[in-house]
>>> print(open('query20.txt').read())   # compact mmCIF, N, CA and C atoms
# COMPACT_ATOMS: atom_id res chain seq x y z
N MET X 1 -10.67 5.72 10.48
CA MET X 1 -11.32 4.66 9.70
C MET X 1 -10.34 3.52 9.46
N ASP X 2 -10.82 2.29 9.63
CA ASP X 2 -10.00 1.12 9.40
C ASP X 2 -9.79 0.89 7.91
N ARG X 3 -8.54 0.60 7.56
CA ARG X 3 -8.19 0.34 6.16
C ARG X 3 -7.31 -0.90 6.07
N ILE X 4 -7.53 -1.65 5.02
CA ILE X 4 -6.63 -2.73 4.65
C ILE X 4 -5.85 -2.21 3.45
N ILE X 5 -4.55 -2.38 3.47
CA ILE X 5 -3.69 -1.85 2.41
C ILE X 5 -3.19 -2.99 1.53
N GLY X 6 -3.39 -2.84 0.23
CA GLY X 6 -2.87 -3.79 -0.75
C GLY X 6 -1.56 -3.24 -1.31
N ILE X 7 -0.58 -4.12 -1.46
CA ILE X 7 0.75 -3.70 -1.89
C ILE X 7 1.23 -4.58 -3.04
N ASP X 8 1.54 -3.94 -4.16
CA ASP X 8 2.16 -4.61 -5.31
C ASP X 8 3.61 -4.13 -5.34
N TYR X 9 4.48 -4.83 -4.60
CA TYR X 9 5.86 -4.38 -4.40
C TYR X 9 6.71 -4.64 -5.64
N GLY X 10 7.50 -3.66 -5.99
CA GLY X 10 8.46 -3.78 -7.07
C GLY X 10 9.78 -3.19 -6.64
N ARG X 11 10.84 -3.60 -7.29
CA ARG X 11 12.18 -3.13 -6.92
C ARG X 11 12.28 -1.61 -7.00
N LYS X 12 11.66 -1.02 -8.02
CA LYS X 12 11.72 0.44 -8.21
C LYS X 12 10.49 1.16 -7.68
N ARG X 13 9.31 0.63 -8.07
CA ARG X 13 8.04 1.28 -7.73
C ARG X 13 7.12 0.27 -7.07
N THR X 14 6.25 0.81 -6.20
CA THR X 14 5.28 -0.04 -5.53
C THR X 14 3.89 0.56 -5.68
N GLY X 15 2.97 -0.25 -6.15
CA GLY X 15 1.58 0.17 -6.26
C GLY X 15 0.87 -0.09 -4.94
N LEU X 16 0.01 0.84 -4.55
CA LEU X 16 -0.74 0.72 -3.31
C LEU X 16 -2.23 0.87 -3.56
N ALA X 17 -3.00 0.14 -2.78
CA ALA X 17 -4.46 0.25 -2.80
C ALA X 17 -4.94 0.25 -1.36
N ALA X 18 -6.15 0.75 -1.16
CA ALA X 18 -6.73 0.78 0.18
C ALA X 18 -8.17 0.30 0.10
N SER X 19 -8.60 -0.37 1.15
CA SER X 19 -9.99 -0.80 1.23
C SER X 19 -10.84 0.36 1.71
N ASP X 20 -12.14 0.23 1.48
CA ASP X 20 -13.07 1.16 2.11
C ASP X 20 -13.13 0.77 3.59
N PRO X 21 -13.72 1.61 4.46
CA PRO X 21 -13.73 1.30 5.89
C PRO X 21 -14.41 -0.03 6.25
N LEU X 22 -15.35 -0.49 5.43
CA LEU X 22 -16.02 -1.75 5.71
C LEU X 22 -15.27 -2.98 5.18
N GLY X 23 -14.19 -2.74 4.44
CA GLY X 23 -13.41 -3.85 3.90
C GLY X 23 -14.10 -4.61 2.79
N ILE X 24 -14.88 -3.88 1.97
CA ILE X 24 -15.61 -4.52 0.87
C ILE X 24 -14.96 -4.24 -0.48
N PHE X 25 -14.55 -2.99 -0.68
CA PHE X 25 -14.02 -2.56 -1.98
C PHE X 25 -12.57 -2.10 -1.86
N ALA X 26 -11.79 -2.39 -2.89
CA ALA X 26 -10.42 -1.91 -2.99
C ALA X 26 -10.37 -0.78 -3.99
N SER X 27 -9.62 0.26 -3.66
CA SER X 27 -9.42 1.38 -4.58
C SER X 27 -7.93 1.62 -4.75
N ALA X 28 -7.52 1.89 -5.99
CA ALA X 28 -6.13 2.24 -6.24
C ALA X 28 -5.80 3.49 -5.43
N LEU X 29 -4.66 3.49 -4.79
CA LEU X 29 -4.29 4.60 -3.90
C LEU X 29 -3.17 5.44 -4.49
N ASP X 30 -2.02 4.82 -4.75
CA ASP X 30 -0.85 5.59 -5.15
C ASP X 30 0.21 4.64 -5.69
N THR X 31 1.21 5.22 -6.34
CA THR X 31 2.42 4.50 -6.69
C THR X 31 3.57 5.27 -6.07
N VAL X 32 4.43 4.54 -5.36
CA VAL X 32 5.46 5.16 -4.55
C VAL X 32 6.82 4.58 -4.93
N ASP X 33 7.84 5.42 -4.88
CA ASP X 33 9.21 4.94 -5.02
C ASP X 33 9.44 3.93 -3.90
N SER X 34 9.89 2.73 -4.22
CA SER X 34 10.00 1.66 -3.23
C SER X 34 10.94 2.00 -2.08
N THR X 35 11.93 2.85 -2.32
CA THR X 35 12.85 3.23 -1.24
C THR X 35 12.16 4.13 -0.22
N LYS X 36 11.03 4.72 -0.58
CA LYS X 36 10.30 5.62 0.32
C LYS X 36 9.00 5.00 0.83
N LEU X 37 8.80 3.71 0.56
CA LEU X 37 7.52 3.06 0.85
C LEU X 37 7.19 3.02 2.35
N ILE X 38 8.12 2.61 3.18
CA ILE X 38 7.84 2.51 4.62
C ILE X 38 7.48 3.89 5.18
N ASP X 39 8.20 4.93 4.77
CA ASP X 39 7.86 6.30 5.22
C ASP X 39 6.47 6.70 4.76
N TYR X 40 6.13 6.37 3.52
CA TYR X 40 4.79 6.68 2.99
C TYR X 40 3.72 5.99 3.85
N LEU X 41 3.93 4.71 4.15
CA LEU X 41 2.95 3.96 4.93
C LEU X 41 2.83 4.51 6.35
N LYS X 42 3.94 4.92 6.94
CA LYS X 42 3.89 5.52 8.28
C LYS X 42 3.08 6.81 8.26
N ASN X 43 3.29 7.63 7.23
CA ASN X 43 2.52 8.88 7.10
C ASN X 43 1.03 8.57 6.90
N TYR X 44 0.75 7.59 6.08
CA TYR X 44 -0.64 7.20 5.83
C TYR X 44 -1.30 6.73 7.13
N ALA X 45 -0.53 5.96 7.91
CA ALA X 45 -1.06 5.41 9.17
C ALA X 45 -1.36 6.50 10.20
N GLU X 46 -0.80 7.68 10.03
CA GLU X 46 -1.12 8.79 10.93
C GLU X 46 -2.51 9.35 10.64
N LYS X 47 -2.98 9.17 9.40
CA LYS X 47 -4.29 9.70 9.00
C LYS X 47 -5.39 8.63 9.04
N GLU X 48 -5.04 7.41 8.69
CA GLU X 48 -5.99 6.30 8.62
C GLU X 48 -5.44 5.13 9.44
N ARG X 49 -6.32 4.38 10.06
CA ARG X 49 -5.90 3.23 10.86
C ARG X 49 -5.74 2.02 9.95
N ILE X 50 -4.49 1.57 9.78
CA ILE X 50 -4.22 0.37 8.98
C ILE X 50 -4.41 -0.85 9.87
N VAL X 51 -5.32 -1.74 9.46
CA VAL X 51 -5.60 -2.93 10.27
C VAL X 51 -4.98 -4.20 9.69
N HIS X 52 -4.55 -4.14 8.42
CA HIS X 52 -3.97 -5.33 7.79
C HIS X 52 -3.26 -4.92 6.50
N PHE X 53 -2.24 -5.69 6.14
CA PHE X 53 -1.56 -5.52 4.85
C PHE X 53 -1.78 -6.78 4.02
N VAL X 54 -2.02 -6.59 2.72
CA VAL X 54 -2.09 -7.70 1.77
C VAL X 54 -1.02 -7.43 0.73
N VAL X 55 -0.03 -8.30 0.69
CA VAL X 55 1.13 -8.09 -0.17
C VAL X 55 1.12 -9.11 -1.29
N GLY X 56 1.21 -8.62 -2.52
CA GLY X 56 1.31 -9.51 -3.68
C GLY X 56 2.60 -10.29 -3.61
N TYR X 57 2.48 -11.62 -3.78
CA TYR X 57 3.66 -12.48 -3.67
C TYR X 57 3.90 -13.14 -5.02
N PRO X 58 5.09 -12.90 -5.60
CA PRO X 58 5.38 -13.40 -6.95
C PRO X 58 5.68 -14.91 -6.97
N VAL X 59 4.86 -15.61 -7.74
CA VAL X 59 5.01 -17.05 -7.92
C VAL X 59 4.94 -17.33 -9.42
N ASN X 60 5.79 -18.24 -9.88
CA ASN X 60 5.75 -18.63 -11.29
C ASN X 60 4.53 -19.50 -11.57
N LEU X 61 4.22 -19.70 -12.84
CA LEU X 61 3.06 -20.50 -13.23
C LEU X 61 3.12 -21.92 -12.68
N ASN X 62 4.35 -22.45 -12.50
CA ASN X 62 4.50 -23.80 -11.99
C ASN X 62 4.42 -23.85 -10.46
N GLY X 63 4.15 -22.69 -9.82
CA GLY X 63 4.01 -22.64 -8.37
C GLY X 63 5.32 -22.43 -7.63
N LYS X 64 6.42 -22.40 -8.37
CA LYS X 64 7.73 -22.19 -7.73
C LYS X 64 7.97 -20.69 -7.53
N PRO X 65 8.86 -20.33 -6.60
CA PRO X 65 9.14 -18.92 -6.36
C PRO X 65 9.63 -18.20 -7.61
N ALA X 66 9.11 -17.00 -7.83
CA ALA X 66 9.56 -16.17 -8.95
C ALA X 66 10.82 -15.43 -8.53
N GLU X 67 11.54 -14.93 -9.51
CA GLU X 67 12.79 -14.23 -9.26
C GLU X 67 12.59 -13.05 -8.30
N ALA X 68 11.48 -12.34 -8.43
CA ALA X 68 11.22 -11.15 -7.62
C ALA X 68 10.88 -11.47 -6.17
N GLN X 69 10.70 -12.76 -5.86
CA GLN X 69 10.31 -13.13 -4.50
C GLN X 69 11.34 -12.69 -3.47
N ALA X 70 12.62 -12.74 -3.81
CA ALA X 70 13.67 -12.34 -2.87
C ALA X 70 13.51 -10.87 -2.48
N ASP X 71 13.17 -10.01 -3.44
CA ASP X 71 12.96 -8.59 -3.16
C ASP X 71 11.76 -8.40 -2.23
N VAL X 72 10.70 -9.14 -2.48
CA VAL X 72 9.50 -9.03 -1.65
C VAL X 72 9.81 -9.53 -0.24
N ASP X 73 10.59 -10.58 -0.11
CA ASP X 73 10.95 -11.10 1.21
C ASP X 73 11.71 -10.06 2.03
N VAL X 74 12.63 -9.34 1.40
CA VAL X 74 13.36 -8.27 2.09
C VAL X 74 12.39 -7.18 2.54
N PHE X 75 11.47 -6.80 1.65
CA PHE X 75 10.48 -5.78 2.00
C PHE X 75 9.60 -6.26 3.16
N LEU X 76 9.19 -7.52 3.14
CA LEU X 76 8.34 -8.05 4.21
C LEU X 76 9.00 -7.92 5.58
N LYS X 77 10.31 -8.15 5.64
CA LYS X 77 11.04 -7.98 6.92
C LYS X 77 10.97 -6.52 7.37
N GLN X 78 11.15 -5.59 6.43
CA GLN X 78 11.08 -4.16 6.76
C GLN X 78 9.67 -3.79 7.23
N LEU X 79 8.66 -4.33 6.56
CA LEU X 79 7.27 -4.02 6.90
C LEU X 79 6.94 -4.54 8.30
N LYS X 80 7.36 -5.77 8.61
CA LYS X 80 7.11 -6.35 9.93
C LYS X 80 7.82 -5.57 11.03
N LYS X 81 9.00 -5.08 10.72
CA LYS X 81 9.76 -4.30 11.70
C LYS X 81 9.08 -2.94 11.95
N ALA X 82 8.60 -2.31 10.87
CA ALA X 82 7.98 -0.98 10.98
C ALA X 82 6.57 -1.05 11.58
N PHE X 83 5.86 -2.15 11.33
CA PHE X 83 4.46 -2.30 11.79
C PHE X 83 4.29 -3.68 12.45
N PRO X 84 4.96 -3.91 13.57
CA PRO X 84 4.93 -5.26 14.17
C PRO X 84 3.54 -5.72 14.63
N GLU X 85 2.65 -4.77 14.88
CA GLU X 85 1.32 -5.12 15.40
C GLU X 85 0.28 -5.36 14.30
N ILE X 86 0.66 -5.15 13.04
CA ILE X 86 -0.29 -5.28 11.94
C ILE X 86 -0.02 -6.57 11.17
N GLY X 87 -1.08 -7.37 10.98
CA GLY X 87 -0.95 -8.63 10.27
C GLY X 87 -0.69 -8.44 8.77
N ILE X 88 -0.09 -9.45 8.19
CA ILE X 88 0.24 -9.44 6.76
C ILE X 88 -0.24 -10.74 6.13
N THR X 89 -0.94 -10.62 5.01
CA THR X 89 -1.34 -11.78 4.23
C THR X 89 -0.65 -11.69 2.88
N LEU X 90 -0.10 -12.81 2.43
CA LEU X 90 0.51 -12.87 1.09
C LEU X 90 -0.54 -13.34 0.11
N GLU X 91 -0.63 -12.64 -1.01
CA GLU X 91 -1.64 -12.94 -2.03
C GLU X 91 -0.92 -13.26 -3.33
N ASP X 92 -1.25 -14.38 -3.95
CA ASP X 92 -0.66 -14.76 -5.23
C ASP X 92 -0.91 -13.63 -6.23
N GLU X 93 0.16 -13.12 -6.83
CA GLU X 93 -0.01 -12.00 -7.75
C GLU X 93 0.13 -12.39 -9.21
N ARG X 94 0.07 -13.69 -9.48
CA ARG X 94 0.12 -14.10 -10.89
C ARG X 94 -1.03 -13.47 -11.65
N PHE X 95 -0.75 -12.98 -12.82
CA PHE X 95 -1.73 -12.42 -13.76
C PHE X 95 -2.26 -11.03 -13.36
N THR X 96 -1.80 -10.44 -12.24
CA THR X 96 -2.38 -9.14 -11.86
C THR X 96 -2.08 -8.05 -12.88
N SER X 97 -0.89 -8.07 -13.47
CA SER X 97 -0.58 -7.05 -14.48
C SER X 97 -1.46 -7.22 -15.71
N VAL X 98 -1.70 -8.48 -16.10
CA VAL X 98 -2.57 -8.75 -17.25
C VAL X 98 -3.99 -8.28 -16.92
N LEU X 99 -4.46 -8.60 -15.71
CA LEU X 99 -5.80 -8.18 -15.30
C LEU X 99 -5.89 -6.66 -15.21
N ALA X 100 -4.82 -6.02 -14.76
CA ALA X 100 -4.81 -4.56 -14.67
C ALA X 100 -4.96 -3.94 -16.05
N HIS X 101 -4.21 -4.46 -17.03
CA HIS X 101 -4.33 -3.94 -18.40
C HIS X 101 -5.74 -4.17 -18.95
N ARG X 102 -6.30 -5.33 -18.67
CA ARG X 102 -7.66 -5.64 -19.14
C ARG X 102 -8.66 -4.67 -18.51
N ALA X 103 -8.51 -4.39 -17.22
CA ALA X 103 -9.41 -3.46 -16.54
C ALA X 103 -9.28 -2.06 -17.11
N MET X 104 -8.07 -1.68 -17.48
CA MET X 104 -7.84 -0.35 -18.05
C MET X 104 -8.52 -0.24 -19.42
N ILE X 105 -8.40 -1.30 -20.21
CA ILE X 105 -9.03 -1.31 -21.54
C ILE X 105 -10.55 -1.31 -21.39
N ASP X 106 -11.05 -2.21 -20.54
CA ASP X 106 -12.50 -2.31 -20.33
C ASP X 106 -13.07 -1.01 -19.77
N GLY X 107 -12.27 -0.30 -19.00
CA GLY X 107 -12.72 0.96 -18.42
C GLY X 107 -12.61 2.14 -19.38
N GLY X 108 -12.13 1.88 -20.59
CA GLY X 108 -12.04 2.94 -21.60
C GLY X 108 -10.84 3.86 -21.44
N MET X 109 -9.83 3.42 -20.70
CA MET X 109 -8.65 4.25 -20.50
C MET X 109 -7.87 4.39 -21.81
N LYS X 110 -7.41 5.59 -22.08
CA LYS X 110 -6.65 5.85 -23.31
C LYS X 110 -5.33 5.08 -23.29
N ALA X 111 -4.85 4.74 -24.49
CA ALA X 111 -3.63 3.95 -24.63
C ALA X 111 -2.45 4.63 -23.95
N SER X 112 -2.36 5.94 -24.02
CA SER X 112 -1.24 6.65 -23.39
C SER X 112 -1.21 6.42 -21.88
N ARG X 113 -2.37 6.38 -21.24
CA ARG X 113 -2.43 6.13 -19.79
C ARG X 113 -2.18 4.66 -19.48
N ARG X 114 -2.57 3.78 -20.39
CA ARG X 114 -2.34 2.34 -20.16
C ARG X 114 -0.86 2.01 -20.20
N ARG X 115 -0.07 2.82 -20.88
CA ARG X 115 1.37 2.59 -20.95
C ARG X 115 2.08 3.10 -19.69
N ASP X 116 1.39 3.86 -18.87
CA ASP X 116 1.97 4.41 -17.64
C ASP X 116 2.11 3.29 -16.61
N LYS X 117 3.36 2.87 -16.36
CA LYS X 117 3.60 1.76 -15.45
C LYS X 117 3.12 2.07 -14.03
N MET X 118 3.13 3.34 -13.65
CA MET X 118 2.64 3.71 -12.31
C MET X 118 1.14 3.43 -12.19
N GLU X 119 0.42 3.67 -13.28
CA GLU X 119 -1.02 3.40 -13.30
C GLU X 119 -1.27 1.89 -13.17
N VAL X 120 -0.48 1.10 -13.90
CA VAL X 120 -0.61 -0.36 -13.85
C VAL X 120 -0.31 -0.86 -12.44
N ASP X 121 0.71 -0.30 -11.78
CA ASP X 121 1.08 -0.73 -10.43
C ASP X 121 -0.05 -0.46 -9.44
N ARG X 122 -0.68 0.69 -9.52
CA ARG X 122 -1.79 1.03 -8.62
C ARG X 122 -2.97 0.08 -8.83
N ILE X 123 -3.30 -0.15 -10.08
CA ILE X 123 -4.44 -1.03 -10.39
C ILE X 123 -4.12 -2.47 -9.99
N SER X 124 -2.88 -2.90 -10.19
CA SER X 124 -2.48 -4.25 -9.77
C SER X 124 -2.64 -4.40 -8.26
N ALA X 125 -2.26 -3.38 -7.51
CA ALA X 125 -2.41 -3.42 -6.05
C ALA X 125 -3.89 -3.54 -5.68
N ALA X 126 -4.74 -2.83 -6.40
CA ALA X 126 -6.19 -2.90 -6.13
C ALA X 126 -6.73 -4.29 -6.44
N ILE X 127 -6.23 -4.92 -7.50
CA ILE X 127 -6.67 -6.28 -7.86
C ILE X 127 -6.22 -7.28 -6.79
N ILE X 128 -4.99 -7.15 -6.32
CA ILE X 128 -4.47 -8.01 -5.25
C ILE X 128 -5.35 -7.87 -4.01
N LEU X 129 -5.63 -6.63 -3.62
CA LEU X 129 -6.43 -6.38 -2.42
C LEU X 129 -7.87 -6.87 -2.61
N GLN X 130 -8.47 -6.61 -3.77
CA GLN X 130 -9.85 -7.03 -4.00
C GLN X 130 -9.98 -8.55 -3.96
N SER X 131 -8.99 -9.25 -4.47
CA SER X 131 -9.00 -10.71 -4.43
C SER X 131 -9.05 -11.19 -2.98
N TYR X 132 -8.25 -10.59 -2.13
CA TYR X 132 -8.25 -10.92 -0.71
C TYR X 132 -9.60 -10.59 -0.07
N LEU X 133 -10.13 -9.41 -0.34
CA LEU X 133 -11.40 -8.98 0.24
C LEU X 133 -12.54 -9.91 -0.18
N ASP X 134 -12.56 -10.27 -1.46
CA ASP X 134 -13.61 -11.16 -1.98
C ASP X 134 -13.54 -12.54 -1.31
N ARG X 135 -12.34 -13.07 -1.17
CA ARG X 135 -12.18 -14.38 -0.55
C ARG X 135 -12.62 -14.33 0.92
N ASN X 136 -12.26 -13.28 1.62
CA ASN X 136 -12.67 -13.14 3.03
C ASN X 136 -14.18 -13.01 3.16
N ALA X 137 -14.81 -12.30 2.24
CA ALA X 137 -16.27 -12.14 2.29
C ALA X 137 -16.95 -13.49 2.09
N ARG X 138 -16.44 -14.30 1.17
CA ARG X 138 -17.02 -15.63 0.92
C ARG X 138 -16.85 -16.53 2.15
N ASN X 139 -15.71 -16.40 2.83
CA ASN X 139 -15.43 -17.24 3.99
C ASN X 139 -16.25 -16.85 5.20
N HIS X 140 -16.84 -15.67 5.18
CA HIS X 140 -17.65 -15.21 6.31
C HIS X 140 -19.15 -15.33 6.05
N ASP X 141 -19.52 -15.85 4.89
CA ASP X 141 -20.96 -16.01 4.57
C ASP X 141 -21.56 -17.19 5.30
>>> encode(input="query20.txt", output="structure tokens")
Amino acid sequence: MDRIIGIDYGRKRTGLAASDPLGIFASALDTVDSTKLIDYLKNYAEKERIVHFVVGYPVNLNGKPAEAQADVDVFLKQLKKAFPEIGITLEDERFTSVLAHRAMIDGGMKASRRRDKMEVDRISAAIILQSYLDRNARNHD
């Protein structure tokens, strides 16, 4: 099954999301130690066909590069080297953590789970991916 993978990269942890086979919905997938991310994605690719990556790209409110952008740029080079045949789209990740917390509250998640940074990372990745999927759906109407 074809999957688009959403990535909320962080220096320590990375949140991952995957699309449904039709590329309509994003679902939180996992949170992975960033040093093991490429291996995780390679293992995932053995079970599911990855057709595209959507990577959250950190930008400040003024549109200038955020401090974390350098870390994401290093990861992007690793991702391109590991998966040279798979396209990558950068998605503005401003406000994804805020939106993730709002989604957790709106979904009735208990405060103890909302404090779990791994949970926030997974949901942020799903928001990044869903934003991309929604924009692509509008562009194909």
>>> atom_distance(input="query20.txt", atom1="atom CA of Lys117 of chain X", atom2="atom CA of Val72 of chain X")
18.5 Å
>>> atom_distance(input="query20.txt", atom1="atom C of Asp121 of chain X", atom2="atom CA of Tyr9 of chain X")
8.7 Å
>>> atom_distance(input="query20.txt", atom1="atom CA of Asn60 of chain X", atom2="atom CA of Ile38 of chain X")
26.5 Å
>>> closest_residue(input="query20.txt", among="X:Arg3, X:Glu85, X:Gly15, X:Asp134", to="Tyr40 of chain X", atoms="only C-alpha atoms")
X:Gly15
>>> select_by_dssp(input="query20.txt", residues="segment 6-134 of chain X", states="strand (DSSP E)", output="count of residues only")
33
>>> closest_residue(input="query20.txt", among="X:Ala66, X:Ile50, X:Leu37, X:Ala18", to="Met1 of chain X", atoms="all atoms listed in the file")
X:Ile50
>>> closest_residue(input="query20.txt", among="X:Gly56, X:Asp92, X:Ala137, X:Ile127", to="Leu29 of chain X", atoms="only C-alpha atoms")
X:Ile127
>>> closest_residue(input="query20.txt", among="X:Ala70, X:Leu41, X:Val32, X:Leu16", to="Ala126 of chain X", atoms="all atoms listed in the file")
X:Leu16
>>> axis_aligned_box(input="query20.txt", around="segment 59-65 of chain X", padding_each_side="8 Å", output="AutoDock Vina command-line options")
--center_x 6.3 --center_y -19.7 --center_z -9.8 --size_x 22.6 --size_y 24.2 --size_z 22.9
>>> select_by_dssp(input="query20.txt", residues="segment 11-72 of chain X", states="alpha helix (DSSP H)", output="ChimeraX atom specification")
/X:37-47,69-72
>>> residues_near_point(input="query20.txt", point="(3.6, -7.9, 0.0)", cutoff="8 Å", atoms="only C-alpha atoms", output="ChimeraX atom specification")
/X:6-9,53-57,72,75-76,88-91
>>> closest_residue(input="query20.txt", among="X:Asn62, X:Gln130, X:Gln69, X:Gln78", to="Ile5 of chain X", atoms="only C-alpha atoms")
X:Gln130
